[in-house]
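What follows is the content of entry08.cif (mmCIF, C-alpha atoms).
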```
data_input
#
loop_
_atom_site.group_PDB
_atom_site.id
_atom_site.type_symbol
_atom_site.label_atom_id
_atom_site.label_comp_id
_atom_site.auth_asym_id
_atom_site.auth_seq_id
_atom_site.Cartn_x
_atom_site.Cartn_y
_atom_site.Cartn_z
ATOM 1 C CA MET A 1 81.846 18.951 139.715
ATOM 2 C CA LEU A 2 78.770 21.110 139.299
ATOM 3 C CA LYS A 3 79.857 23.043 142.373
ATOM 4 C CA ASN A 4 83.228 23.715 140.724
ATOM 5 C CA TYR A 5 81.525 25.041 137.578
ATOM 6 C CA LEU A 6 79.225 27.184 139.635
ATOM 7 C CA PHE A 7 82.201 28.513 141.570
ATOM 8 C CA PHE A 8 84.071 29.417 138.345
ATOM 9 C CA ILE A 9 80.997 31.069 136.840
ATOM 10 C CA CYS A 10 80.549 33.200 139.980
ATOM 11 C CA LEU A 11 84.239 34.032 139.913
ATOM 12 C CA ILE A 12 84.037 35.117 136.260
ATOM 13 C CA PHE A 13 80.854 37.084 136.910
ATOM 14 C CA PHE A 14 82.366 39.024 139.809
ATOM 15 C CA GLY A 15 85.615 39.455 137.916
ATOM 16 C CA CYS A 16 83.791 40.947 134.920
ATOM 17 C CA SER A 17 81.685 43.224 137.064
ATOM 18 C CA SER A 18 84.782 44.593 138.790
ATOM 19 C CA ASN A 19 86.370 45.252 135.363
ATOM 20 C CA SER A 20 83.326 47.198 134.265
ATOM 21 C CA GLU A 21 83.632 49.395 137.353
ATOM 22 C CA ASP A 22 87.288 49.973 136.516
ATOM 23 C CA ASN A 23 86.298 50.927 132.974
ATOM 24 C CA THR A 24 83.739 53.346 134.364
ATOM 25 C CA SER A 25 86.263 54.919 136.668
ATOM 26 C CA SER A 26 88.797 55.275 133.855
ATOM 27 C CA PHE A 27 86.090 56.866 131.714
ATOM 28 C CA ILE A 28 85.374 59.332 134.516
ATOM 29 C CA ASP A 29 89.099 59.988 134.869
ATOM 30 C CA ASP A 30 89.258 60.905 131.160
ATOM 31 C CA LEU A 31 86.594 63.601 131.519
ATOM 32 C CA PRO A 32 87.898 67.179 131.867
ATOM 33 C CA SER A 33 88.178 68.234 135.453
ATOM 34 C CA PHE A 34 88.286 71.624 137.112
ATOM 35 C CA ASN A 35 92.072 71.651 136.774
ATOM 36 C CA ASP A 36 91.753 71.433 132.977
ATOM 37 C CA SER A 37 89.977 74.804 132.953
ATOM 38 C CA ILE A 38 93.198 76.379 134.239
ATOM 39 C CA VAL A 39 94.864 75.353 130.980
ATOM 40 C CA LEU A 40 92.110 77.131 129.082
ATOM 41 C CA GLU A 41 92.665 80.278 131.156
ATOM 42 C CA ASP A 42 96.394 80.103 130.378
ATOM 43 C CA SER A 43 95.684 79.940 126.655
ATOM 44 C CA ILE A 44 93.380 82.950 126.970
ATOM 45 C CA SER A 45 96.104 84.904 128.714
ATOM 46 C CA LEU A 46 98.427 84.072 125.813
ATOM 47 C CA VAL A 47 95.930 85.675 123.467
ATOM 48 C CA ASP A 48 95.808 88.748 125.716
ATOM 49 C CA THR A 49 99.619 88.876 125.750
ATOM 50 C CA THR A 50 99.805 88.847 121.958
ATOM 51 C CA ALA A 51 97.167 91.586 121.781
ATOM 52 C CA VAL A 52 99.200 93.726 124.182
ATOM 53 C CA GLN A 53 102.374 93.042 122.168
ATOM 54 C CA THR A 54 100.587 94.034 118.949
ATOM 55 C CA GLN A 55 99.468 97.269 120.610
ATOM 56 C CA ARG A 56 103.028 97.965 121.792
ATOM 57 C CA ASP A 57 104.365 97.332 118.294
ATOM 58 C CA SER A 58 101.784 99.745 116.893
ATOM 59 C CA ILE A 59 102.742 102.449 119.412
ATOM 60 C CA ARG A 60 106.429 101.853 118.620
ATOM 61 C CA LYS A 61 105.785 102.156 114.879
ATOM 62 C CA ASP A 62 103.857 105.409 115.411
ATOM 63 C CA TYR A 63 106.730 106.781 117.509
ATOM 64 C CA GLU A 64 109.310 105.866 114.879
ATOM 65 C CA GLU A 65 107.273 107.469 112.084
ATOM 66 C CA ASP A 66 106.409 110.606 114.080
ATOM 67 C CA LEU A 67 108.716 113.444 113.025
ATOM 68 C CA SER A 68 108.247 115.577 116.150
ATOM 69 C CA LEU A 69 111.670 114.559 117.559
ATOM 70 C CA GLU A 70 110.185 114.143 121.022
ATOM 71 C CA ILE A 71 112.079 111.469 122.954
ATOM 72 C CA LYS A 72 109.708 108.838 124.323
ATOM 73 C CA GLU A 73 110.526 105.799 126.418
ATOM 74 C CA ILE A 74 110.852 102.588 124.430
ATOM 75 C CA GLU A 75 110.501 98.955 125.508
ATOM 76 C CA GLU A 76 114.267 98.380 125.640
ATOM 77 C CA GLU A 77 114.608 101.038 128.350
ATOM 78 C CA LYS A 78 112.628 98.895 130.783
ATOM 79 C CA GLU A 79 115.288 96.186 130.574
ATOM 80 C CA ASP A 80 118.305 98.501 130.467
ATOM 81 C CA PRO A 81 117.479 102.103 131.486
ATOM 82 C CA ILE A 82 119.259 105.052 129.908
ATOM 83 C CA THR A 83 121.255 107.243 132.303
ATOM 84 C CA GLU A 84 120.293 110.886 132.823
ATOM 85 C CA GLU A 85 123.477 112.033 131.079
ATOM 86 C CA CYS A 86 122.628 109.944 128.023
ATOM 87 C CA LYS A 87 118.996 111.149 128.041
ATOM 88 C CA LEU A 88 120.261 114.743 127.971
ATOM 89 C CA LEU A 89 122.536 113.836 125.076
ATOM 90 C CA LEU A 90 119.551 112.391 123.187
ATOM 91 C CA GLU A 91 117.571 115.568 123.798
ATOM 92 C CA ASP A 92 120.492 117.731 122.626
ATOM 93 C CA TYR A 93 120.844 115.604 119.504
ATOM 94 C CA ALA A 94 117.099 115.880 118.806
ATOM 95 C CA ALA A 95 117.315 119.667 119.278
ATOM 96 C CA ALA A 96 120.237 119.850 116.824
ATOM 97 C CA ILE A 97 118.237 117.855 114.263
ATOM 98 C CA SER A 98 115.244 120.136 114.807
ATOM 99 C CA SER A 99 117.379 123.288 114.367
ATOM 100 C CA TYR A 100 118.919 121.942 111.187
ATOM 101 C CA SER A 101 115.505 120.996 109.792
ATOM 102 C CA SER A 102 114.201 124.467 110.666
ATOM 103 C CA ILE A 103 117.099 126.140 108.842
ATOM 104 C CA LEU A 104 116.426 123.975 105.788
ATOM 105 C CA GLY A 105 112.783 125.104 105.802
ATOM 106 C CA LYS A 106 113.814 128.763 106.064
ATOM 107 C CA ILE A 107 116.313 128.388 103.209
ATOM 108 C CA GLU A 108 113.647 126.784 101.044
ATOM 109 C CA ALA A 109 111.369 129.763 101.712
ATOM 110 C CA ASN A 110 114.126 132.359 101.080
ATOM 111 C CA GLN A 111 116.875 130.872 98.899
ATOM 112 C CA ASP A 112 118.687 134.205 98.362
ATOM 113 C CA ASN A 113 119.473 134.811 102.038
ATOM 114 C CA ILE A 114 123.221 134.193 102.447
ATOM 115 C CA ASN A 115 122.964 134.356 106.254
ATOM 116 C CA LEU A 116 120.670 131.324 106.252
ATOM 117 C CA ILE A 117 123.068 129.407 104.009
ATOM 118 C CA ILE A 118 125.958 130.180 106.390
ATOM 119 C CA ALA A 119 123.803 129.199 109.383
ATOM 120 C CA ARG A 120 122.966 125.961 107.579
ATOM 121 C CA SER A 121 126.627 124.957 107.517
ATOM 122 C CA ALA A 122 127.041 125.648 111.215
ATOM 123 C CA GLN A 123 123.858 123.733 112.114
ATOM 124 C CA GLU A 124 124.821 120.809 109.902
ATOM 125 C CA GLU A 125 128.272 120.646 111.498
ATOM 126 C CA GLU A 126 126.757 120.726 114.980
ATOM 127 C CA MET A 127 124.269 117.982 114.135
ATOM 128 C CA TYR A 128 126.883 115.647 112.665
ATOM 129 C CA SER A 129 129.387 116.354 115.449
ATOM 130 C CA PHE A 130 127.320 114.182 117.783
ATOM 131 C CA SER A 131 128.529 111.083 115.944
ATOM 132 C CA SER A 132 132.112 111.729 117.118
ATOM 133 C CA ASP A 133 131.280 112.931 120.625
ATOM 134 C CA PRO A 134 132.993 110.761 123.295
ATOM 135 C CA SER A 135 129.813 110.856 125.404
ATOM 136 C CA MET A 136 127.942 109.364 122.476
ATOM 137 C CA PHE A 137 130.398 106.450 122.300
ATOM 138 C CA ARG A 138 129.972 105.805 126.017
ATOM 139 C CA CYS A 139 126.187 105.919 125.818
ATOM 140 C CA LEU A 140 126.056 103.701 122.743
ATOM 141 C CA GLN A 141 127.061 100.791 124.968
ATOM 142 C CA ASN A 142 123.438 100.774 126.148
ATOM 143 C CA PRO A 143 121.162 98.944 123.643
ATOM 144 C CA ALA A 144 118.179 101.188 124.469
ATOM 145 C CA PHE A 145 120.239 104.324 123.806
ATOM 146 C CA GLU A 146 121.534 102.833 120.567
ATOM 147 C CA LYS A 147 117.949 102.126 119.435
ATOM 148 C CA GLN A 148 116.905 105.693 120.322
ATOM 149 C CA VAL A 149 119.783 107.049 118.217
ATOM 150 C CA GLU A 150 118.725 104.817 115.317
ATOM 151 C CA ILE A 151 115.174 106.191 115.601
ATOM 152 C CA LEU A 152 116.478 109.787 115.683
ATOM 153 C CA ASN A 153 118.747 109.143 112.694
ATOM 154 C CA SER A 154 115.818 107.742 110.746
ATOM 155 C CA LYS A 155 113.721 110.809 111.634
ATOM 156 C CA ARG A 156 116.645 113.075 110.687
ATOM 157 C CA ASP A 157 116.918 111.431 107.274
ATOM 158 C CA LYS A 158 113.169 111.787 106.690
ATOM 159 C CA LEU A 159 113.193 115.453 107.734
ATOM 160 C CA ILE A 160 116.182 116.299 105.543
ATOM 161 C CA SER A 161 114.736 114.566 102.494
ATOM 162 C CA GLN A 162 111.458 116.521 102.648
#
```
Let me see the structure of the file written as structure tokens.
Amino acid sequence: MLKNYLFFICLIFFGCSSNSEDNTSSFIDDLPSFNDSIVLEDSISLVDTTAVQTQRDSIRKDYEEDLSLEIKEIEEEKEDPITEECKLLLEDYAAAISSYSSILGKIEANQDNINLIIARSAQEEEMYSFSSDPSMFRCLQNPAFEKQVEILNSKRDKLISQ
């Protein structure tokens, strides 16, 4: 009988010692490994991505508030590029806005000049004729072109209200 007790005690002892090794190995498994550092690098790249996006938003805001009427590429054009014909139309529209704004400045400086007032009507008509141009309707199917027109219209409104 004593041999049986001794056998069971040895069995329990070895069984407990093997459990403690398993606990140690599970503890080691819970420690961060080299692969976990990859997750940290991914989270850092997310921070970099948001910083780049913030910079892009800042550049976009500066472009929209700039009244120079220079056409610059916007983010939407990378996804859906504007055709050369539509780019030329944008440049012509920007030139018409610039001419109209210039005439307004000249009229403000010399309000008695009837020639400037007549030229104002012609420039205004030319500028607003772009909204009914068939080429404009075709180009407005492109979201990037549509956004560029919105930016130009906003600049036009700011220039006219000055």
Padding 6 Å on each side, edges along x, y and z: where is the centre of the box around the listed atoms of region 96-107 of chain A, and how long are its edges in Å to one decimal? Output it as lines of an AutoDock Vina configuration file.
```
center_x = 116.5
center_y = 123.3
center_z = 110.0
size_x = 19.5
size_y = 22.9
size_z = 25.6
```
Task: Result set of the PyMOL selection byres ((chain A and resi 70-83) around 8) on the coordinates above, as a PyMOL selection string - done: chain A and resi 60+63+68-69+84-87+90-91+94+142-145+148
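Of the residues under consideration (A:Ser99, A:Ser135, A:Ser161, A:Ser154), A:Ser99 shows the shortest atom-to-atom contact distance to Ala122 (chain A) when counting all atoms listed in the file.
Separating CA of Gln123 (chain A) from CA of Tyr100 (chain A) is a distance of 5.3 Å.
Relative to CA of Leu67 (chain A), CA of Leu159 (chain A) is found at 7.2 Å.
As for CA of Ile103 (chain A) and CA of Ile117 (chain A), they are spaced 8.3 Å apart.
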Task: Nearest-residue call for Lys155 (chain A), choices A:Glu124, A:Leu104, A:Asp92, A:Ile97, using all atoms listed in the file - done: A:Ile97
- [ ] Would you kindly return, as a PyMOL selection string, each protein, DNA or RNA residue with an atom no farther than 9 Å from any atom of Leu89 (chain A), considering all atoms listed in the file and excluding same-chain residues fewer than 6 positions away?
- [x] chain A and resi 130+135-136+139
